Amino acid sequence: MKICFVVDKFPCLSETFVLDQIEGCLERGMQVGVVCNETSFGKDSNIDDRRWQALPGKVVCWWGGGLGRFRPMLRRWSGRFWDKLSTAIDIAFARKLQNADVIVAHFGNNGMRVARAMKRGRISAPLVTIFHGRDVGEPLHDDTLTRYKVVFEKGVLQLPVNAFFRDALIGVGAPAAQVMVHHMGVRPGEISYHWRSWDRDTLSFISVCRLTEKKGIEFALRALAGLPRRDWVYTVIGGGELLEELKKLAANLGVADRVTFLGPRPHAEVKQRLRDAHVFLLPSVAAQDGDLEGIPVALMEAMAAGLIVVSTYHSGIPELIEDQETGFLAPERDVAALARKLVWVAENPDKCERIARAARRKIEQDFNADLLNERFAQIVAQLAEARRPA
(Lines give C-alpha, C1' and ligand atoms only; values in the text may rest on other atoms or scores of the structure.)
Protein backbone atom coordinates (compact mmCIF):
# COMPACT_ATOMS: atom_id res chain seq x y z
CA MET A 1 0.00 0.00 0.00
CA LYS A 2 1.41 3.38 -1.03
CA ILE A 3 0.59 6.36 1.18
CA CYS A 4 1.62 9.85 0.10
CA PHE A 5 1.76 12.57 2.78
CA VAL A 6 1.46 16.16 1.54
CA VAL A 7 2.98 18.74 3.91
CA ASP A 8 4.61 22.17 3.77
CA LYS A 9 8.13 21.53 5.10
CA PHE A 10 9.65 18.13 5.82
CA PRO A 11 10.87 17.14 8.32
CA CYS A 12 9.65 19.85 10.69
CA LEU A 13 10.49 20.12 14.39
CA SER A 14 7.21 21.86 15.24
CA GLU A 15 5.21 19.12 13.47
CA THR A 16 6.42 15.98 15.21
CA PHE A 17 2.85 14.67 14.95
CA VAL A 18 3.41 14.25 11.20
CA LEU A 19 6.60 12.28 11.78
CA ASP A 20 4.89 10.11 14.37
CA GLN A 21 2.02 9.32 12.02
CA ILE A 22 4.43 8.45 9.23
CA GLU A 23 6.38 6.21 11.59
CA GLY A 24 3.13 4.48 12.53
CA CYS A 25 2.43 3.72 8.86
CA LEU A 26 5.95 2.42 8.30
CA GLU A 27 5.63 0.13 11.33
CA ARG A 28 2.55 -1.39 9.71
CA GLY A 29 4.32 -2.19 6.44
CA MET A 30 3.04 0.67 4.31
CA GLN A 31 5.17 2.33 1.65
CA VAL A 32 5.29 5.98 2.62
CA GLY A 33 6.34 8.95 0.51
CA VAL A 34 6.22 12.69 1.13
CA VAL A 35 5.47 15.58 -1.22
CA CYS A 36 6.36 18.96 0.28
CA ASN A 37 7.23 22.56 -0.57
CA GLU A 38 10.74 22.31 0.86
CA THR A 39 12.96 19.83 2.65
CA SER A 40 14.94 20.67 5.77
CA PHE A 41 17.52 17.88 5.67
CA GLY A 42 20.81 19.16 7.02
CA LYS A 43 19.16 22.31 8.40
CA ASP A 44 17.80 21.00 11.70
CA SER A 45 19.91 18.41 13.50
CA ASN A 46 17.13 17.91 16.08
CA ILE A 47 15.09 15.86 13.59
CA ASP A 48 17.60 15.19 10.81
CA ASP A 49 16.98 11.46 11.06
CA ARG A 50 18.00 8.90 8.43
CA ARG A 51 14.52 7.34 8.64
CA TRP A 52 13.02 10.37 6.89
CA GLN A 53 15.70 10.49 4.18
CA ALA A 54 15.25 6.80 3.41
CA LEU A 55 11.47 6.63 3.11
CA PRO A 56 10.53 3.90 0.61
CA GLY A 57 8.33 6.32 -1.32
CA LYS A 58 10.98 9.07 -1.17
CA VAL A 59 10.69 12.75 -0.21
CA VAL A 60 10.19 15.11 -3.15
CA CYS A 61 9.31 18.78 -3.61
CA TRP A 62 5.96 19.35 -5.31
CA TRP A 63 7.40 21.97 -7.69
CA GLY A 64 10.81 20.31 -7.92
CA GLY A 65 14.06 21.55 -6.45
CA GLY A 66 14.49 24.29 -9.07
CA LEU A 67 11.16 26.10 -9.21
CA GLY A 68 10.36 25.28 -5.62
CA ARG A 69 13.17 27.55 -4.40
CA PHE A 70 11.42 30.51 -5.99
CA ARG A 71 8.03 29.81 -4.39
CA PRO A 72 8.35 32.53 -1.67
CA MET A 73 9.48 35.11 -4.26
CA LEU A 74 6.67 34.16 -6.64
CA ARG A 75 4.16 34.55 -3.83
CA ARG A 76 5.33 38.10 -3.12
CA TRP A 77 5.60 39.03 -6.79
CA SER A 78 2.23 37.68 -7.93
CA GLY A 79 0.15 39.44 -5.26
CA ARG A 80 -3.57 38.83 -5.70
CA PHE A 81 -2.85 36.48 -8.62
CA TRP A 82 -0.95 34.08 -6.37
CA ASP A 83 -3.88 31.71 -5.94
CA LYS A 84 -4.32 31.17 -9.70
CA LEU A 85 -0.58 31.02 -10.40
CA SER A 86 0.21 28.53 -7.64
CA THR A 87 -2.75 26.33 -8.60
CA ALA A 88 -1.60 26.23 -12.23
CA ILE A 89 1.90 25.17 -11.15
CA ASP A 90 0.49 22.62 -8.69
CA ILE A 91 -1.52 21.02 -11.48
CA ALA A 92 1.48 20.97 -13.82
CA PHE A 93 3.52 18.99 -11.25
CA ALA A 94 0.67 16.88 -9.86
CA ARG A 95 1.97 13.70 -11.47
CA LYS A 96 4.11 13.17 -8.37
CA LEU A 97 0.95 12.14 -6.53
CA GLN A 98 -0.47 9.86 -9.21
CA ASN A 99 0.90 6.53 -7.98
CA ALA A 100 -0.43 6.80 -4.42
CA ASP A 101 -3.17 4.51 -3.14
CA VAL A 102 -4.18 7.15 -0.57
CA ILE A 103 -3.14 10.80 -0.21
CA VAL A 104 -2.97 12.30 3.29
CA ALA A 105 -2.78 16.10 3.34
CA HIS A 106 -1.78 17.71 6.61
CA PHE A 107 -3.45 21.13 6.99
CA GLY A 108 -6.39 22.39 4.97
CA ASN A 109 -4.32 24.43 2.54
CA ASN A 110 -2.57 21.27 1.30
CA GLY A 111 -5.87 19.42 1.07
CA MET A 112 -7.16 22.26 -1.09
CA ARG A 113 -4.12 22.06 -3.39
CA VAL A 114 -4.62 18.34 -3.93
CA ALA A 115 -8.39 18.71 -4.38
CA ARG A 116 -7.92 21.33 -7.10
CA ALA A 117 -5.58 19.01 -8.98
CA MET A 118 -8.15 16.23 -8.59
CA LYS A 119 -10.78 18.53 -10.05
CA ARG A 120 -8.63 18.81 -13.19
CA GLY A 121 -8.42 15.03 -13.40
CA ARG A 122 -4.70 14.86 -12.59
CA ILE A 123 -5.11 12.75 -9.42
CA SER A 124 -7.54 9.95 -8.61
CA ALA A 125 -6.41 8.53 -5.25
CA PRO A 126 -8.68 9.07 -2.22
CA LEU A 127 -7.83 12.28 -0.36
CA VAL A 128 -7.79 12.52 3.45
CA THR A 129 -7.28 16.01 4.86
CA ILE A 130 -6.21 16.58 8.46
CA PHE A 131 -7.13 19.99 9.92
CA HIS A 132 -4.92 21.21 12.77
CA GLY A 133 -5.41 24.82 13.89
CA ARG A 134 -4.55 27.92 11.87
CA ASP A 135 -6.09 26.28 8.80
CA VAL A 136 -9.49 26.43 10.54
CA GLY A 137 -9.01 29.36 12.91
CA GLU A 138 -8.01 32.04 10.42
CA PRO A 139 -10.74 31.37 7.82
CA LEU A 140 -13.27 31.01 10.66
CA HIS A 141 -12.16 34.43 11.91
CA ASP A 142 -12.34 35.94 8.38
CA ASP A 143 -15.61 34.17 7.52
CA THR A 144 -13.91 32.39 4.60
CA LEU A 145 -14.09 28.78 5.80
CA THR A 146 -16.15 27.97 2.70
CA ARG A 147 -12.85 28.07 0.79
CA TYR A 148 -12.63 24.33 1.54
CA LYS A 149 -15.71 23.52 -0.55
CA VAL A 150 -13.54 21.81 -3.18
CA VAL A 151 -11.92 19.69 -0.42
CA PHE A 152 -15.35 18.56 0.76
CA GLU A 153 -16.37 17.73 -2.83
CA LYS A 154 -13.23 15.88 -3.93
CA GLY A 155 -11.92 14.48 -0.65
CA VAL A 156 -13.33 11.32 0.89
CA LEU A 157 -12.58 12.13 4.53
CA GLN A 158 -11.86 15.18 6.71
CA LEU A 159 -10.04 14.47 9.97
CA PRO A 160 -10.07 17.54 12.24
CA VAL A 161 -8.02 17.10 15.40
CA ASN A 162 -10.83 18.23 17.71
CA ALA A 163 -14.61 18.43 17.93
CA PHE A 164 -14.62 22.23 17.76
CA PHE A 165 -13.09 22.07 14.27
CA ARG A 166 -15.42 19.22 13.27
CA ASP A 167 -18.47 21.33 14.05
CA ALA A 168 -17.01 24.32 12.21
CA LEU A 169 -16.38 22.28 9.03
CA ILE A 170 -19.84 20.72 9.09
CA GLY A 171 -21.27 24.19 9.64
CA VAL A 172 -19.94 25.37 6.26
CA GLY A 173 -21.05 22.39 4.24
CA ALA A 174 -18.78 19.42 4.89
CA PRO A 175 -20.95 16.26 4.85
CA ALA A 176 -21.19 15.09 8.45
CA ALA A 177 -20.60 11.47 7.42
CA GLN A 178 -17.21 12.46 5.98
CA VAL A 179 -15.95 14.40 9.02
CA MET A 180 -14.38 12.44 11.88
CA VAL A 181 -12.36 13.71 14.84
CA HIS A 182 -8.92 12.11 14.89
CA HIS A 183 -6.76 13.30 17.76
CA MET A 184 -3.03 13.58 17.59
CA GLY A 185 -1.26 11.73 20.40
CA VAL A 186 1.98 10.72 22.10
CA ARG A 187 3.54 7.35 22.89
CA PRO A 188 3.17 6.79 26.64
CA GLY A 189 5.59 3.88 26.51
CA GLU A 190 8.36 6.32 25.52
CA ILE A 191 7.53 8.81 28.30
CA SER A 192 8.13 7.65 31.84
CA TYR A 193 5.72 8.90 34.49
CA HIS A 194 7.43 10.62 37.38
CA TRP A 195 5.65 12.57 40.12
CA ARG A 196 7.74 15.22 41.88
CA SER A 197 6.26 17.10 44.82
CA TRP A 198 7.25 20.73 45.41
CA ASP A 199 6.32 20.64 49.08
CA ARG A 200 9.95 21.25 50.11
CA ASP A 201 11.34 22.34 46.77
CA THR A 202 11.48 25.42 44.54
CA LEU A 203 8.35 25.28 42.38
CA SER A 204 9.44 24.78 38.76
CA PHE A 205 7.20 25.92 35.90
CA ILE A 206 7.93 25.13 32.25
CA SER A 207 6.51 25.94 28.81
CA VAL A 208 7.51 24.30 25.52
CA CYS A 209 6.13 26.05 22.42
CA ARG A 210 6.80 28.45 19.58
CA LEU A 211 6.71 31.96 20.95
CA THR A 212 3.70 33.17 19.00
CA GLU A 213 0.62 35.05 20.18
CA LYS A 214 -1.67 32.03 20.43
CA LYS A 215 0.59 30.31 23.00
CA GLY A 216 -0.27 32.99 25.58
CA ILE A 217 3.16 33.16 27.25
CA GLU A 218 2.54 36.86 27.97
CA PHE A 219 -0.30 35.85 30.30
CA ALA A 220 1.83 33.16 31.92
CA LEU A 221 4.44 35.78 32.84
CA ARG A 222 1.84 38.21 34.16
CA ALA A 223 0.16 35.53 36.27
CA LEU A 224 3.47 34.29 37.69
CA ALA A 225 4.49 37.83 38.59
CA GLY A 226 1.50 37.99 40.93
CA LEU A 227 2.22 34.77 42.83
CA PRO A 228 2.48 35.35 46.60
CA ARG A 229 4.97 32.50 46.82
CA ARG A 230 8.32 33.78 45.62
CA ASP A 231 10.39 30.57 45.48
CA TRP A 232 9.59 29.61 41.90
CA VAL A 233 11.42 29.44 38.55
CA TYR A 234 10.06 29.38 35.01
CA THR A 235 11.74 27.85 31.95
CA VAL A 236 10.53 28.67 28.43
CA ILE A 237 11.71 26.40 25.60
CA GLY A 238 11.13 27.47 22.00
CA GLY A 239 11.88 30.29 19.59
CA GLY A 240 9.64 32.65 17.70
CA GLU A 241 8.90 36.21 16.77
CA LEU A 242 7.90 37.23 20.32
CA LEU A 243 11.10 36.09 22.06
CA GLU A 244 12.67 39.52 22.61
CA GLU A 245 9.35 41.11 23.48
CA LEU A 246 8.70 38.47 26.13
CA LYS A 247 12.17 38.91 27.61
CA LYS A 248 11.46 42.63 27.98
CA LEU A 249 8.10 41.88 29.59
CA ALA A 250 9.73 39.57 32.14
CA ALA A 251 12.19 42.36 32.99
CA ASN A 252 9.42 44.95 33.29
CA LEU A 253 7.44 42.63 35.59
CA GLY A 254 10.48 42.20 37.80
CA VAL A 255 10.78 38.43 37.29
CA ALA A 256 13.63 38.21 34.76
CA ASP A 257 15.90 36.64 37.40
CA ARG A 258 13.52 33.68 37.72
CA VAL A 259 12.62 33.23 34.03
CA THR A 260 14.95 31.47 31.57
CA PHE A 261 14.35 31.54 27.82
CA LEU A 262 16.29 28.62 26.31
CA GLY A 263 15.21 28.85 22.67
CA PRO A 264 14.64 25.66 20.62
CA ARG A 265 16.18 22.54 22.18
CA PRO A 266 16.56 18.90 21.04
CA HIS A 267 13.65 16.66 21.91
CA ALA A 268 15.79 14.56 24.25
CA GLU A 269 16.70 17.64 26.26
CA VAL A 270 13.07 18.76 26.35
CA LYS A 271 12.10 15.39 27.85
CA GLN A 272 14.76 15.72 30.53
CA ARG A 273 13.68 19.25 31.44
CA LEU A 274 10.08 18.07 31.69
CA ARG A 275 11.21 15.40 34.16
CA ASP A 276 12.88 18.12 36.25
CA ALA A 277 9.82 20.45 36.31
CA HIS A 278 6.58 20.40 38.30
CA VAL A 279 4.00 22.41 36.34
CA PHE A 280 3.52 22.79 32.58
CA LEU A 281 2.05 26.16 31.69
CA LEU A 282 0.38 26.91 28.33
CA PRO A 283 -2.40 29.55 28.57
CA SER A 284 -3.36 29.47 24.87
CA VAL A 285 -5.47 32.23 23.31
CA ALA A 286 -7.13 33.00 19.99
CA ALA A 287 -4.67 35.22 18.11
CA GLN A 288 -5.73 38.51 16.59
CA ASP A 289 -5.57 36.97 13.11
CA GLY A 290 -7.75 34.04 14.21
CA ASP A 291 -4.98 31.48 14.64
CA LEU A 292 -6.05 28.72 17.03
CA GLU A 293 -4.58 25.67 18.69
CA GLY A 294 -5.79 22.20 17.77
CA ILE A 295 -4.88 20.29 20.92
CA PRO A 296 -1.20 20.94 21.70
CA VAL A 297 0.92 17.79 21.73
CA ALA A 298 3.20 19.49 24.27
CA LEU A 299 0.35 19.35 26.81
CA MET A 300 -0.03 15.62 26.16
CA GLU A 301 3.69 14.99 26.70
CA ALA A 302 3.60 16.91 29.97
CA MET A 303 0.55 15.00 31.22
CA ALA A 304 2.15 11.68 30.33
CA ALA A 305 5.32 12.66 32.20
CA GLY A 306 3.52 13.44 35.47
CA LEU A 307 3.48 17.23 35.38
CA ILE A 308 0.48 19.30 36.44
CA VAL A 309 -0.81 21.13 33.37
CA VAL A 310 -2.39 24.59 33.46
CA SER A 311 -4.02 25.89 30.29
CA THR A 312 -7.17 27.64 29.04
CA TYR A 313 -10.69 27.03 27.76
CA HIS A 314 -9.53 27.31 24.18
CA SER A 315 -10.40 25.40 21.00
CA GLY A 316 -10.02 21.63 21.64
CA ILE A 317 -8.00 21.86 24.87
CA PRO A 318 -11.02 21.03 27.10
CA GLU A 319 -11.24 17.69 25.23
CA LEU A 320 -7.85 16.88 26.76
CA ILE A 321 -7.98 18.64 30.13
CA GLU A 322 -10.88 18.58 32.58
CA ASP A 323 -10.50 21.38 35.12
CA GLN A 324 -9.45 20.12 38.55
CA GLU A 325 -9.60 16.50 37.33
CA THR A 326 -6.75 16.09 34.83
CA GLY A 327 -5.33 19.60 35.02
CA PHE A 328 -6.44 23.20 35.37
CA LEU A 329 -8.15 25.58 32.94
CA ALA A 330 -8.73 29.34 33.07
CA PRO A 331 -10.58 31.63 30.64
CA GLU A 332 -8.44 33.04 27.84
CA ARG A 333 -6.50 36.24 28.63
CA ASP A 334 -7.78 36.29 32.22
CA VAL A 335 -4.61 36.91 34.22
CA ALA A 336 -6.40 37.02 37.59
CA ALA A 337 -8.16 33.68 37.01
CA LEU A 338 -4.93 32.09 35.76
CA ALA A 339 -3.06 33.38 38.80
CA ARG A 340 -5.69 31.86 41.11
CA LYS A 341 -5.14 28.46 39.48
CA LEU A 342 -1.38 28.79 39.95
CA VAL A 343 -1.78 29.81 43.58
CA TRP A 344 -3.96 26.76 44.27
CA VAL A 345 -1.43 24.48 42.59
CA ALA A 346 1.44 26.06 44.53
CA GLU A 347 -0.37 25.58 47.85
CA ASN A 348 -1.64 22.03 47.27
CA PRO A 349 1.14 19.70 46.07
CA ASP A 350 -0.36 16.68 47.85
CA LYS A 351 -3.79 17.11 46.21
CA CYS A 352 -2.14 17.57 42.81
CA GLU A 353 -0.67 14.06 42.78
CA ARG A 354 -4.14 12.55 42.22
CA ILE A 355 -4.65 14.94 39.29
CA ALA A 356 -1.31 14.01 37.75
CA ARG A 357 -2.18 10.29 37.88
CA ALA A 358 -5.56 10.94 36.28
CA ALA A 359 -3.86 12.95 33.54
CA ARG A 360 -1.52 10.06 32.74
CA ARG A 361 -4.51 7.70 32.46
CA LYS A 362 -6.23 10.17 30.11
CA ILE A 363 -3.25 10.08 27.77
CA GLU A 364 -2.97 6.28 27.89
CA GLN A 365 -6.65 5.84 27.06
CA ASP A 366 -7.57 8.68 24.69
CA PHE A 367 -4.38 10.28 23.34
CA ASN A 368 -2.20 7.22 22.91
CA ALA A 369 -0.37 7.51 19.58
CA ASP A 370 0.04 3.75 19.29
CA LEU A 371 -3.74 3.26 19.42
CA LEU A 372 -4.42 6.31 17.25
CA ASN A 373 -1.88 5.20 14.62
CA GLU A 374 -3.51 1.77 14.50
CA ARG A 375 -6.89 3.41 13.95
CA PHE A 376 -5.41 5.70 11.27
CA ALA A 377 -3.78 2.73 9.48
CA GLN A 378 -7.13 0.94 9.43
CA ILE A 379 -8.80 4.01 7.92
CA VAL A 380 -6.31 4.40 5.06
CA ALA A 381 -6.23 0.64 4.44
CA GLN A 382 -10.01 0.59 4.05
CA LEU A 383 -9.85 3.53 1.63
CA ALA A 384 -7.14 1.84 -0.45
CA GLU A 385 -9.06 -1.47 -0.49
CA ALA A 386 -12.26 0.24 -1.58
CA ARG A 387 -10.39 1.79 -4.51
CA ARG A 388 -9.13 -1.52 -5.88
CA PRO A 389 -11.20 -3.09 -8.68
CA ALA A 390 -13.27 -6.14 -7.72
# chains A, B, ... in the order shown; residues from 1 in each chain; ligands from 1
$ select_by_dssp --residues "segment 258-356 of chain A" --states "strand (DSSP E or B)" --output "PyMOL selection string"
chain A and resi 259-263+279-281+308-312+323+327-330
$ residues_around --residues "segment 22-31 of chain A" --least-positions-apart "2" --cutoff "9 Å" --atoms "only C-alpha atoms" --output "ChimeraX atom specification"
/A:1-5,17-20,33,51,55-57,369-370,373-374,376-377
$ closest_residue --among "A:Glu38, A:Glu213, A:Asp101, A:Asp83" --to "Asp289 of chain A" --atoms "only C-alpha atoms"
A:Glu213
$ residues_around --residues "Val270 of chain A" --least-positions-apart "5" --cutoff "10 Å" --atoms "only C-alpha atoms" --output "PyMOL selection string"
chain A and resi 208+237-238+264-265+275-276
$ residues_around --residues "segment 292-306 of chain A" --least-positions-apart "3" --cutoff "6 Å" --atoms "only C-alpha atoms" --output "list in words"
His132, Gly133, Arg134, Gly137, Ile191, Ser192, Tyr193, His194, Trp195, Ala286, Gly316, Ile317, Ala356, Ala359 and Arg360 of chain A
$ write_last_selection --atoms "N, CA, C and O atoms" --output "PDB file, in the first residue's frame"
ATOM      1  N   HIS A 132      -5.675  21.126  11.525  1.00  0.00           N
ATOM      2  CA  HIS A 132      -4.921  21.215  12.773  1.00  0.00           C
ATOM      3  C   HIS A 132      -5.173  22.454  13.628  1.00  0.00           C
ATOM      4  O   HIS A 132      -5.133  22.364  14.844  1.00  0.00           O
ATOM      5  N   GLY A 133      -5.322  23.632  13.051  1.00  0.00           N
ATOM      6  CA  GLY A 133      -5.409  24.823  13.891  1.00  0.00           C
ATOM      7  C   GLY A 133      -5.595  26.091  13.094  1.00  0.00           C
ATOM      8  O   GLY A 133      -6.706  26.553  12.872  1.00  0.00           O
ATOM      9  N   ARG A 134      -4.476  26.682  12.653  1.00  0.00           N
ATOM     10  CA  ARG A 134      -4.549  27.916  11.873  1.00  0.00           C
ATOM     11  C   ARG A 134      -5.404  27.737  10.629  1.00  0.00           C
ATOM     12  O   ARG A 134      -6.092  28.664  10.189  1.00  0.00           O
ATOM     13  N   GLY A 137      -8.825  28.145  12.130  1.00  0.00           N
ATOM     14  CA  GLY A 137      -9.011  29.359  12.906  1.00  0.00           C
ATOM     15  C   GLY A 137      -9.039  30.630  12.091  1.00  0.00           C
ATOM     16  O   GLY A 137      -9.933  31.473  12.257  1.00  0.00           O
ATOM     17  N   ILE A 191       7.490   7.707  27.333  1.00  0.00           N
ATOM     18  CA  ILE A 191       7.528   8.812  28.299  1.00  0.00           C
ATOM     19  C   ILE A 191       7.282   8.235  29.684  1.00  0.00           C
ATOM     20  O   ILE A 191       6.176   7.789  29.999  1.00  0.00           O
ATOM     21  N   SER A 192       8.284   8.220  30.509  1.00  0.00           N
ATOM     22  CA  SER A 192       8.125   7.650  31.844  1.00  0.00           C
ATOM     23  C   SER A 192       7.393   8.630  32.755  1.00  0.00           C
ATOM     24  O   SER A 192       7.660   9.831  32.745  1.00  0.00           O
ATOM     25  N   TYR A 193       6.469   8.085  33.534  1.00  0.00           N
ATOM     26  CA  TYR A 193       5.717   8.899  34.487  1.00  0.00           C
ATOM     27  C   TYR A 193       6.552   9.094  35.751  1.00  0.00           C
ATOM     28  O   TYR A 193       7.110   8.147  36.292  1.00  0.00           O
ATOM     29  N   HIS A 194       6.639  10.339  36.175  1.00  0.00           N
ATOM     30  CA  HIS A 194       7.430  10.617  37.376  1.00  0.00           C
ATOM     31  C   HIS A 194       6.799  11.781  38.123  1.00  0.00           C
ATOM     32  O   HIS A 194       6.785  12.912  37.630  1.00  0.00           O
ATOM     33  N   TRP A 195       6.247  11.507  39.298  1.00  0.00           N
ATOM     34  CA  TRP A 195       5.650  12.567  40.116  1.00  0.00           C
ATOM     35  C   TRP A 195       6.716  13.173  41.022  1.00  0.00           C
ATOM     36  O   TRP A 195       7.447  12.469  41.696  1.00  0.00           O
ATOM     37  N   ALA A 286      -6.866  32.753  21.409  1.00  0.00           N
ATOM     38  CA  ALA A 286      -7.126  32.998  19.990  1.00  0.00           C
ATOM     39  C   ALA A 286      -6.329  34.229  19.578  1.00  0.00           C
ATOM     40  O   ALA A 286      -6.468  35.296  20.177  1.00  0.00           O
ATOM     41  N   GLY A 316      -9.789  23.007  21.213  1.00  0.00           N
ATOM     42  CA  GLY A 316     -10.020  21.633  21.640  1.00  0.00           C
ATOM     43  C   GLY A 316      -9.356  21.251  22.949  1.00  0.00           C
ATOM     44  O   GLY A 316      -9.445  20.089  23.369  1.00  0.00           O
ATOM     45  N   ILE A 317      -8.721  22.194  23.636  1.00  0.00           N
ATOM     46  CA  ILE A 317      -7.999  21.857  24.870  1.00  0.00           C
ATOM     47  C   ILE A 317      -8.901  21.234  25.931  1.00  0.00           C
ATOM     48  O   ILE A 317      -8.483  20.290  26.617  1.00  0.00           O
ATOM     49  N   ALA A 356      -2.364  14.437  38.673  1.00  0.00           N
ATOM     50  CA  ALA A 356      -1.309  14.005  37.749  1.00  0.00           C
ATOM     51  C   ALA A 356      -1.510  12.562  37.314  1.00  0.00           C
ATOM     52  O   ALA A 356      -1.321  12.214  36.136  1.00  0.00           O
ATOM     53  N   ALA A 359      -4.307  12.418  34.826  1.00  0.00           N
ATOM     54  CA  ALA A 359      -3.863  12.950  33.539  1.00  0.00           C
ATOM     55  C   ALA A 359      -3.111  11.896  32.746  1.00  0.00           C
ATOM     56  O   ALA A 359      -3.297  11.752  31.525  1.00  0.00           O
ATOM     57  N   ARG A 360      -2.253  11.148  33.413  1.00  0.00           N
ATOM     58  CA  ARG A 360      -1.516  10.061  32.741  1.00  0.00           C
ATOM     59  C   ARG A 360      -2.492   9.033  32.171  1.00  0.00           C
ATOM     60  O   ARG A 360      -2.349   8.590  31.027  1.00  0.00           O
TER      61      ARG A 360
END
